[in-house]
Amino acid sequence: MRFPRSCGSLVHPTSFPSPYGLGDLGYEAETFIDFLADTGQSIWQVLPLAPVGHGNSPYASFSAFAGNPYLISPDKLVGKGLITQQEAAEARLPLTTSIEFDEVFRVKKDLLVKAADRFFENPDPELEKFQAENDNWLPDYVLFRVHSIEENFRPWNEWEEGWVKRKKSVLKNARQSHKKEIQRQIWMQYEFHNQWADLRDYAHSKNVRVIGDIPIFVSHNSADVWANPQYFEIDEQGNRQFVAGVPPDYFSETGQLWGNPLYKWDKLEKDGFSWWIDRFNKMFELFDAIRVDHFRGFESCWKVSAKEKTAEKGSWEKIPGENLFKRIQKELGEVPIIAEDLGLITADVEKLRDQFNFPGMKILQFAFGSDYGNAFLPHNYHPNSVVYSGTHDNDTTLGWYHTSPEAEKHRMREYTRSDGAEPNWEFIRLGLLSVADQAIFPLQDFMGLASDSRMNTPGTVGENWDWRYTPDMLENIDRNRIRHLITMSNRLPVSKS
């Protein structure tokens with residue numbers, strides 16, 4: 001599916017300013033959308049909006065379907081009368097450029113519980129409709145979430161046997177004995193989806209479309225694996241047998257061992273890919289388009305024994321991606337997908353991408369490590385592609401430039417005919433003037449920020465996913481410069497008639 005010539009910014013909602021320690025779906029999110037509209041941008045790309053798990057990564061979630069309740073805006077709850085101004089004020093945290101996740105979870109959890117209990121004093125009848133529409137995942141997720149909290153988030157395969165084996169009597173008793181906690185979790189999903197729908201409607205009113213992100217793999221410690229063990233490479237006790245990753249590449253000399261359980265694709269295909277259909281359908285309810293992370297895993301995936309410590313020893317396993325996407329198109333129609341086709345890409349992966357007309361990704365930070373035949377150099381682009389200066393896994397462009405080998409910096413200066421003083425703006429200009437249909441840049445590059453503002457360093461655990469900006473940082477962006485480049489590159493949004 002071809003997209004119009006357009007451009008936008010990549011930033012996750014957690015990075016928005018907020019007086020509650022973590023960016024949310026409240027008024028600062030609307031301020032950011034106003035910034036996009038004011039500068040002529042028509043795309044907002046986010047990372048997965050799912051509840052975060054290990055390392056606070058949005059790519060390691062407790063559910064492939066649920067929303068992150070900590071993105072719920074307390075200010076919006078005040079507006080609905082579910083918490084008081086005083087309660088919100090007492091939950092405020094210092095406005096900094098990094099997130100203290102544990103502190104955020106502590107203060108926001110109390111607010112969400114209070115709001116949920118008040119909601120059920122006079123529940124909205126729309127809640128029943130929401131539950132019915134999400135019956136394929138919501139009951140399992142809320143039960144999993146409630147018991148996970150009881151277990152202090154211990155992996156589900158270490159729970160009591162009745163839970164691991166999902167014995168009907170155990171689950172039935174739990175639903176009765178934990179009815180109030182389960183109701184709270186249902187409300188959190190309901191409120192998240194309502195606030196997200198309102199924010200997306202606001203984006204649409206400003207002629208901004210939202211691109212989401214769907215990781216190909218799911219976390220082992222998730223409601224998805226616990227509730228659907230037949231679809232995953234796990235044994236009867238729930239232990240992983242084979243896990244996902246990538247072999248050694250640009251990011252890591254020993255590859256990346258993600259630890260996600262691999263799918264049993266034969267079982268999925270036999271069931272008509274119903275789990276995947278449900279998943280994509282849910283994502284297209286939330287987003288206007290989806291970036292499919294690790295797209296090459298739909299052609300072949302790197303299969304590693306769960307006993308291995310690195311991803312070096314593995315093998316490529318063929319995946320029925322063609323049949324999957326045919327089924328998706330049959331059920332959902334032509335779907336607006338961006339294929340994250342980075343890493344070790346073969347002709348078969350490109351064939352799968354092109355068969356369904358999915359645009360691929362071009363990363364400018366990868367463009368200057370070799371000669372002029374480099375596929376990431378703009379003169380080698382195909383129009384049906386998306387150009388980025390970098391992604392959430394890259395350094396900021398300023399950080400990239402200052403840490404790159406001199407040979408790469410020289411090629412970049414030569415190609416851009418610049419002195420390297422503003423590498424972030426040079427990349428923005430290159431991307432916008434390229435033939436790629438879409439050009440998307442991390443917000444940090446519009447702000448001209450250095451390495452200490454990068455979102456994630458692959459293969460590391462620690463200070464990742466915690467970057468956020470302050471209101472003055474957004475206000476100080478050179479909007480006239482962006483508007484001029486967008487106008488010059490013919491990427492202004494088409495006016496609604």
# chains A, B, ... in the order shown; residues from 1 in each chain; ligands from 1
$ closest_atom_pairs --of "segment 185-294 of chain A" --to "segment 299-322 of chain A" --cutoff "9 Å" --atoms "only C-alpha atoms" --output "Markdown table"
| residue | atom | partner | partner_atom | distance |
| --- | --- | --- | --- | --- |
| A:Asn239 | CA | A:Ala306 | CA | 8.9 |
| A:Arg240 | CA | A:Ala306 | CA | 6.1 |
| A:Gln241 | CA | A:Ala306 | CA | 5.3 |
| A:Phe242 | CA | A:Ser305 | CA | 4.6 |
| A:Val243 | CA | A:Val304 | CA | 5.4 |
| A:Ala244 | CA | A:Lys303 | CA | 5.7 |
| A:Gly245 | CA | A:Trp302 | CA | 5.8 |
| A:Val246 | CA | A:Trp302 | CA | 5.7 |
| A:Pro247 | CA | A:Glu312 | CA | 5.7 |
| A:Pro248 | CA | A:Glu312 | CA | 6.6 |
| A:Glu253 | CA | A:Glu312 | CA | 8.7 |
| A:Thr254 | CA | A:Glu312 | CA | 5.5 |
| A:Gly255 | CA | A:Ala311 | CA | 5.1 |
| A:Gln256 | CA | A:Ala311 | CA | 5.6 |
| A:Leu257 | CA | A:Ala311 | CA | 4.9 |
| A:Trp258 | CA | A:Ala311 | CA | 8.4 |
| A:Gly259 | CA | A:Ala306 | CA | 7.3 |
| A:Pro261 | CA | A:Ala306 | CA | 8.5 |
| A:Leu262 | CA | A:Lys303 | CA | 7.5 |
| A:Trp265 | CA | A:Ile319 | CA | 7.0 |
| A:Asp266 | CA | A:Pro320 | CA | 8.6 |
| A:Glu269 | CA | A:Pro320 | CA | 8.0 |
$ residues_around --residues "segment 203-215 of chain A" --least-positions-apart "2" --cutoff "8 Å" --atoms "only C-alpha atoms" --output "PDB file with N, CA and C atoms, in the first residue's frame"
ATOM      1  N   GLU A  30      -1.486  16.513  23.286  1.00  0.00           N
ATOM      2  CA  GLU A  30      -2.167  17.385  22.325  1.00  0.00           C
ATOM      3  C   GLU A  30      -1.257  18.537  21.901  1.00  0.00           C
ATOM      4  N   ILE A  33       0.968  17.249  19.225  1.00  0.00           N
ATOM      5  CA  ILE A  33       0.247  17.147  17.950  1.00  0.00           C
ATOM      6  C   ILE A  33       0.085  18.534  17.330  1.00  0.00           C
ATOM      7  N   ASP A  34      -0.136  19.539  18.151  1.00  0.00           N
ATOM      8  CA  ASP A  34      -0.204  20.919  17.650  1.00  0.00           C
ATOM      9  C   ASP A  34       1.119  21.316  16.994  1.00  0.00           C
ATOM     10  N   LEU A  36       3.223  19.279  15.497  1.00  0.00           N
ATOM     11  CA  LEU A  36       3.266  18.619  14.196  1.00  0.00           C
ATOM     12  C   LEU A  36       2.479  19.413  13.161  1.00  0.00           C
ATOM     13  N   ALA A  37       1.264  19.755  13.519  1.00  0.00           N
ATOM     14  CA  ALA A  37       0.401  20.471  12.575  1.00  0.00           C
ATOM     15  C   ALA A  37       0.982  21.836  12.226  1.00  0.00           C
ATOM     16  N   GLN A  41       3.883  18.813   9.534  1.00  0.00           N
ATOM     17  CA  GLN A  41       4.067  17.365   9.627  1.00  0.00           C
ATOM     18  C   GLN A  41       2.702  16.677   9.738  1.00  0.00           C
ATOM     19  N   SER A  42       2.613  15.493   9.176  1.00  0.00           N
ATOM     20  CA  SER A  42       1.328  14.785   9.170  1.00  0.00           C
ATOM     21  C   SER A  42       1.441  13.345   9.656  1.00  0.00           C
ATOM     22  N   ILE A  43       2.573  13.012  10.311  1.00  0.00           N
ATOM     23  CA  ILE A  43       2.779  11.658  10.835  1.00  0.00           C
ATOM     24  C   ILE A  43       3.275  11.753  12.274  1.00  0.00           C
ATOM     25  N   TRP A  44       2.684  10.940  13.125  1.00  0.00           N
ATOM     26  CA  TRP A  44       3.220  10.707  14.468  1.00  0.00           C
ATOM     27  C   TRP A  44       3.441   9.217  14.605  1.00  0.00           C
ATOM     28  N   GLN A  45       4.693   8.800  14.795  1.00  0.00           N
ATOM     29  CA  GLN A  45       4.995   7.385  14.987  1.00  0.00           C
ATOM     30  C   GLN A  45       5.332   7.127  16.447  1.00  0.00           C
ATOM     31  N   VAL A  46       4.764   6.043  17.000  1.00  0.00           N
ATOM     32  CA  VAL A  46       4.987   5.673  18.391  1.00  0.00           C
ATOM     33  C   VAL A  46       5.608   4.280  18.464  1.00  0.00           C
ATOM     34  N   LEU A  47       6.084   3.916  19.638  1.00  0.00           N
ATOM     35  CA  LEU A  47       6.514   2.555  19.934  1.00  0.00           C
ATOM     36  C   LEU A  47       5.291   1.790  20.440  1.00  0.00           C
ATOM     37  N   PRO A  48       5.401   0.494  20.713  1.00  0.00           N
ATOM     38  CA  PRO A  48       4.240  -0.235  21.210  1.00  0.00           C
ATOM     39  C   PRO A  48       3.639   0.408  22.464  1.00  0.00           C
ATOM     40  N   TYR A  59       8.803  -3.298  24.169  1.00  0.00           N
ATOM     41  CA  TYR A  59       8.914  -4.500  23.341  1.00  0.00           C
ATOM     42  C   TYR A  59       8.944  -5.771  24.188  1.00  0.00           C
ATOM     43  N   LEU A 199      -7.357  10.957  21.826  1.00  0.00           N
ATOM     44  CA  LEU A 199      -6.119  11.573  21.341  1.00  0.00           C
ATOM     45  C   LEU A 199      -5.940  11.328  19.842  1.00  0.00           C
ATOM     46  N   ARG A 200      -6.265  10.145  19.404  1.00  0.00           N
ATOM     47  CA  ARG A 200      -6.159   9.850  17.975  1.00  0.00           C
ATOM     48  C   ARG A 200      -7.150  10.700  17.183  1.00  0.00           C
ATOM     49  N   ASP A 201      -8.349  10.886  17.712  1.00  0.00           N
ATOM     50  CA  ASP A 201      -9.328  11.765  17.055  1.00  0.00           C
ATOM     51  C   ASP A 201      -8.782  13.188  16.972  1.00  0.00           C
ATOM     52  N   PHE A 217       7.511 -10.768  17.894  1.00  0.00           N
ATOM     53  CA  PHE A 217       7.480 -11.742  18.976  1.00  0.00           C
ATOM     54  C   PHE A 217       6.830 -11.158  20.225  1.00  0.00           C
ATOM     55  N   VAL A 218       6.365 -12.036  21.109  1.00  0.00           N
ATOM     56  CA  VAL A 218       5.779 -11.596  22.370  1.00  0.00           C
ATOM     57  C   VAL A 218       6.634 -12.112  23.524  1.00  0.00           C
ATOM     58  N   MET A 283      -4.625  -3.901  16.408  1.00  0.00           N
ATOM     59  CA  MET A 283      -3.689  -2.813  16.133  1.00  0.00           C
ATOM     60  C   MET A 283      -4.275  -1.788  15.165  1.00  0.00           C
ATOM     61  N   LEU A 286      -6.367   0.748  16.727  1.00  0.00           N
ATOM     62  CA  LEU A 286      -5.643   1.785  17.463  1.00  0.00           C
ATOM     63  C   LEU A 286      -4.884   2.751  16.562  1.00  0.00           C
ATOM     64  N   PHE A 287      -4.424   2.275  15.401  1.00  0.00           N
ATOM     65  CA  PHE A 287      -3.520   3.061  14.579  1.00  0.00           C
ATOM     66  C   PHE A 287      -3.996   3.152  13.133  1.00  0.00           C
ATOM     67  N   ASP A 288      -3.467   4.155  12.442  1.00  0.00           N
ATOM     68  CA  ASP A 288      -3.782   4.334  11.021  1.00  0.00           C
ATOM     69  C   ASP A 288      -2.873   3.490  10.139  1.00  0.00           C
ATOM     70  N   ALA A 289      -1.726   3.154  10.653  1.00  0.00           N
ATOM     71  CA  ALA A 289      -0.773   2.281   9.957  1.00  0.00           C
ATOM     72  C   ALA A 289       0.096   1.626  11.019  1.00  0.00           C
ATOM     73  N   ILE A 290       0.807   0.568  10.633  1.00  0.00           N
ATOM     74  CA  ILE A 290       1.615  -0.170  11.597  1.00  0.00           C
ATOM     75  C   ILE A 290       3.001  -0.434  11.019  1.00  0.00           C
ATOM     76  N   ARG A 291       4.003  -0.161  11.820  1.00  0.00           N
ATOM     77  CA  ARG A 291       5.362  -0.596  11.502  1.00  0.00           C
ATOM     78  C   ARG A 291       5.532  -1.995  12.082  1.00  0.00           C
ATOM     79  N   VAL A 292       5.828  -2.969  11.222  1.00  0.00           N
ATOM     80  CA  VAL A 292       6.005  -4.347  11.671  1.00  0.00           C
ATOM     81  C   VAL A 292       7.474  -4.564  11.998  1.00  0.00           C
ATOM     82  N   ASP A 293       7.754  -4.654  13.298  1.00  0.00           N
ATOM     83  CA  ASP A 293       9.132  -4.811  13.757  1.00  0.00           C
ATOM     84  C   ASP A 293       9.679  -6.182  13.351  1.00  0.00           C
ATOM     85  N   HIS A 294      10.932  -6.204  12.947  1.00  0.00           N
ATOM     86  CA  HIS A 294      11.625  -7.443  12.540  1.00  0.00           C
ATOM     87  C   HIS A 294      10.823  -8.186  11.458  1.00  0.00           C
ATOM     88  N   PRO A 493       0.867  18.292   4.134  1.00  0.00           N
ATOM     89  CA  PRO A 493      -0.325  17.450   4.027  1.00  0.00           C
ATOM     90  C   PRO A 493      -1.326  18.040   3.038  1.00  0.00           C
ATOM     91  N   LYS A 496      -7.826  19.016   3.601  1.00  0.00           N
ATOM     92  CA  LYS A 496      -9.106  18.307   3.547  1.00  0.00           C
ATOM     93  C   LYS A 496     -10.130  19.180   2.837  1.00  0.00           C
TER      94      LYS A 496
END
$ residues_around --residues "Ile328 of chain A" --least-positions-apart "5" --cutoff "8 Å" --atoms "only C-alpha atoms" --output "MDAnalysis selection string"
chainID A and resid 277 280 333
$ write_last_selection --atoms "all heavy atoms" --output "tab-separated table (two decimals), in the first residue's frame"
chain	number	residue	atom	x	y	z
A	277	ILE	N	-4.68	-12.74	13.18
A	277	ILE	CA	-5.75	-11.91	12.64
A	277	ILE	C	-6.31	-11.03	13.75
A	277	ILE	O	-6.50	-9.81	13.57
A	277	ILE	CB	-6.88	-12.77	12.04
A	277	ILE	CG1	-6.37	-13.62	10.88
A	277	ILE	CG2	-8.05	-11.88	11.59
A	277	ILE	CD1	-5.86	-12.85	9.70
A	280	PHE	N	-3.61	-8.24	14.57
A	280	PHE	CA	-3.56	-7.15	13.60
A	280	PHE	C	-4.84	-6.33	13.61
A	280	PHE	O	-4.81	-5.11	13.49
A	280	PHE	CB	-3.30	-7.71	12.19
A	280	PHE	CG	-1.84	-7.81	11.85
A	280	PHE	CD1	-1.15	-9.00	12.03
A	280	PHE	CD2	-1.14	-6.72	11.37
A	280	PHE	CE1	0.21	-9.10	11.72
A	280	PHE	CE2	0.20	-6.79	11.05
A	280	PHE	CZ	0.89	-8.00	11.24
A	333	GLY	N	-8.59	-6.74	4.47
A	333	GLY	CA	-8.40	-5.88	3.31
A	333	GLY	C	-6.95	-5.47	3.16
A	333	GLY	O	-6.05	-5.98	3.84
$ residues_around --residues "Asp393 of chain A" --least-positions-apart "5" --cutoff "7 Å" --atoms "only C-alpha atoms" --output "PyMOL selection string"
chain A and resi 455-458
$ closest_residue --among "A:His147, A:Arg154, A:Lys267, A:Arg118" --to "Val170 of chain A" --atoms "only C-alpha atoms"
A:His147
$ residues_around --residues "Asp371 of chain A" --least-positions-apart "2" --cutoff "12 Å" --atoms "only C-alpha atoms" --output "list in words"
Phe366, Ala367, Phe368, Gly369, Gly373, Asn374, Ala375, Phe376, Leu377, Asn380, Ala407, Glu408, Arg411, Met412 and Tyr415 of chain A
$ write_last_selection --atoms "C-alpha atoms" --output "PDB file, in the first residue's frame"
ATOM      1  CA  PHE A 366      23.713   3.430   8.028  1.00  0.00           C
ATOM      2  CA  ALA A 367      24.427   5.246   4.747  1.00  0.00           C
ATOM      3  CA  PHE A 368      28.071   6.218   5.119  1.00  0.00           C
ATOM      4  CA  GLY A 369      29.808   3.013   6.147  1.00  0.00           C
ATOM      5  CA  GLY A 373      26.250   1.743  -3.792  1.00  0.00           C
ATOM      6  CA  ASN A 374      25.112   1.749  -0.158  1.00  0.00           C
ATOM      7  CA  ALA A 375      21.356   1.048  -0.169  1.00  0.00           C
ATOM      8  CA  PHE A 376      20.774   3.616   2.588  1.00  0.00           C
ATOM      9  CA  LEU A 377      22.108   6.529   0.516  1.00  0.00           C
ATOM     10  CA  ASN A 380      19.499   4.561  -4.186  1.00  0.00           C
ATOM     11  CA  ALA A 407      35.926   8.002   7.383  1.00  0.00           C
ATOM     12  CA  GLU A 408      32.137   7.874   7.857  1.00  0.00           C
ATOM     13  CA  ARG A 411      31.676  10.673   3.563  1.00  0.00           C
ATOM     14  CA  MET A 412      28.712  12.353   5.254  1.00  0.00           C
ATOM     15  CA  TYR A 415      27.695  13.867   0.468  1.00  0.00           C
TER      16      TYR A 415
END
$ closest_residue --among "A:Asp38, A:Gln355, A:Asp198, A:Thr97" --to "Asn480 of chain A" --atoms "only C-alpha atoms"
A:Asp38
$ atom_distance --atom1 "atom CA of Val107 of chain A" --atom2 "atom CA of Ala91 of chain A"
5.6 Å
$ residues_around --residues "Leu49 of chain A" --least-positions-apart "6" --cutoff "9 Å" --atoms "only C-alpha atoms" --output "PyMOL selection string"
chain A and resi 12-13+58+66-68+71+212-213
$ write_last_selection --atoms "N, CA, C and O atoms" --output "JSON list (two decimals), in the first residue's frame"
[["chain", "number", "residue", "atom", "x", "y", "z"],
["A", 12, "HIS", "N", 7.71, 8.46, 21.60],
["A", 12, "HIS", "CA", 6.77, 7.65, 22.37],
["A", 12, "HIS", "C", 6.05, 8.52, 23.39],
["A", 12, "HIS", "O", 6.64, 9.48, 23.91],
["A", 13, "PRO", "N", 4.79, 8.22, 23.72],
["A", 13, "PRO", "CA", 4.07, 9.05, 24.70],
["A", 13, "PRO", "C", 4.76, 9.18, 26.05],
["A", 13, "PRO", "O", 4.60, 10.20, 26.73],
["A", 58, "PRO", "N", 8.89, -1.33, 26.01],
["A", 58, "PRO", "CA", 7.60, -1.55, 25.35],
["A", 58, "PRO", "C", 7.61, -2.75, 24.42],
["A", 58, "PRO", "O", 6.55, -3.18, 23.94],
["A", 66, "ALA", "N", -3.20, -5.51, 25.14],
["A", 66, "ALA", "CA", -3.58, -4.52, 26.14],
["A", 66, "ALA", "C", -2.83, -3.21, 25.97],
["A", 66, "ALA", "O", -1.79, -3.15, 25.31],
["A", 67, "GLY", "N", -3.35, -2.16, 26.58],
["A", 67, "GLY", "CA", -2.69, -0.87, 26.61],
["A", 67, "GLY", "C", -2.00, -0.67, 27.95],
["A", 67, "GLY", "O", -2.36, -1.28, 28.96],
["A", 68, "ASN", "N", -1.01, 0.21, 27.97],
["A", 68, "ASN", "CA", -0.26, 0.50, 29.19],
["A", 68, "ASN", "C", -1.08, 1.43, 30.08],
["A", 68, "ASN", "O", -1.27, 2.60, 29.76],
["A", 71, "LEU", "N", -0.07, 5.05, 31.00],
["A", 71, "LEU", "CA", -0.20, 6.15, 30.04],
["A", 71, "LEU", "C", -1.49, 6.93, 30.24],
["A", 71, "LEU", "O", -1.71, 7.96, 29.62],
["A", 212, "GLY", "N", 1.61, 3.00, 14.45],
["A", 212, "GLY", "CA", 1.93, 2.19, 15.61],
["A", 212, "GLY", "C", 3.07, 1.23, 15.32],
["A", 212, "GLY", "O", 3.69, 1.27, 14.25],
["A", 213, "ASP", "N", 3.34, 0.35, 16.25],
["A", 213, "ASP", "CA", 4.47, -0.57, 16.14],
["A", 213, "ASP", "C", 4.05, -1.92, 16.70],
["A", 213, "ASP", "O", 3.54, -2.00, 17.82]]
$ select_by_dssp --residues "segment 205-421 of chain A" --states "helix (DSSP H, G or I)" --output "PyMOL selection string"
chain A and resi 205+223-227+229-231+265-270+274-286+295-298+321-332+347-355+364-366+378-380+397-403+406-416
$ select_by_dssp --residues "segment 345-484 of chain A" --states "strand (DSSP E or B)" --output "list of chain:residue names"
A:Gly360, A:Met361, A:Lys362, A:Ile363, A:Ser385, A:Val386, A:Val387, A:Tyr388, A:Gln438, A:Ala439, A:Ile440, A:Phe441, A:Pro442, A:Trp467
$ closest_residue --among "A:Ile149, A:Leu25, A:Leu127, A:Leu485" --to "Pro74 of chain A" --atoms "only C-alpha atoms"
A:Leu25
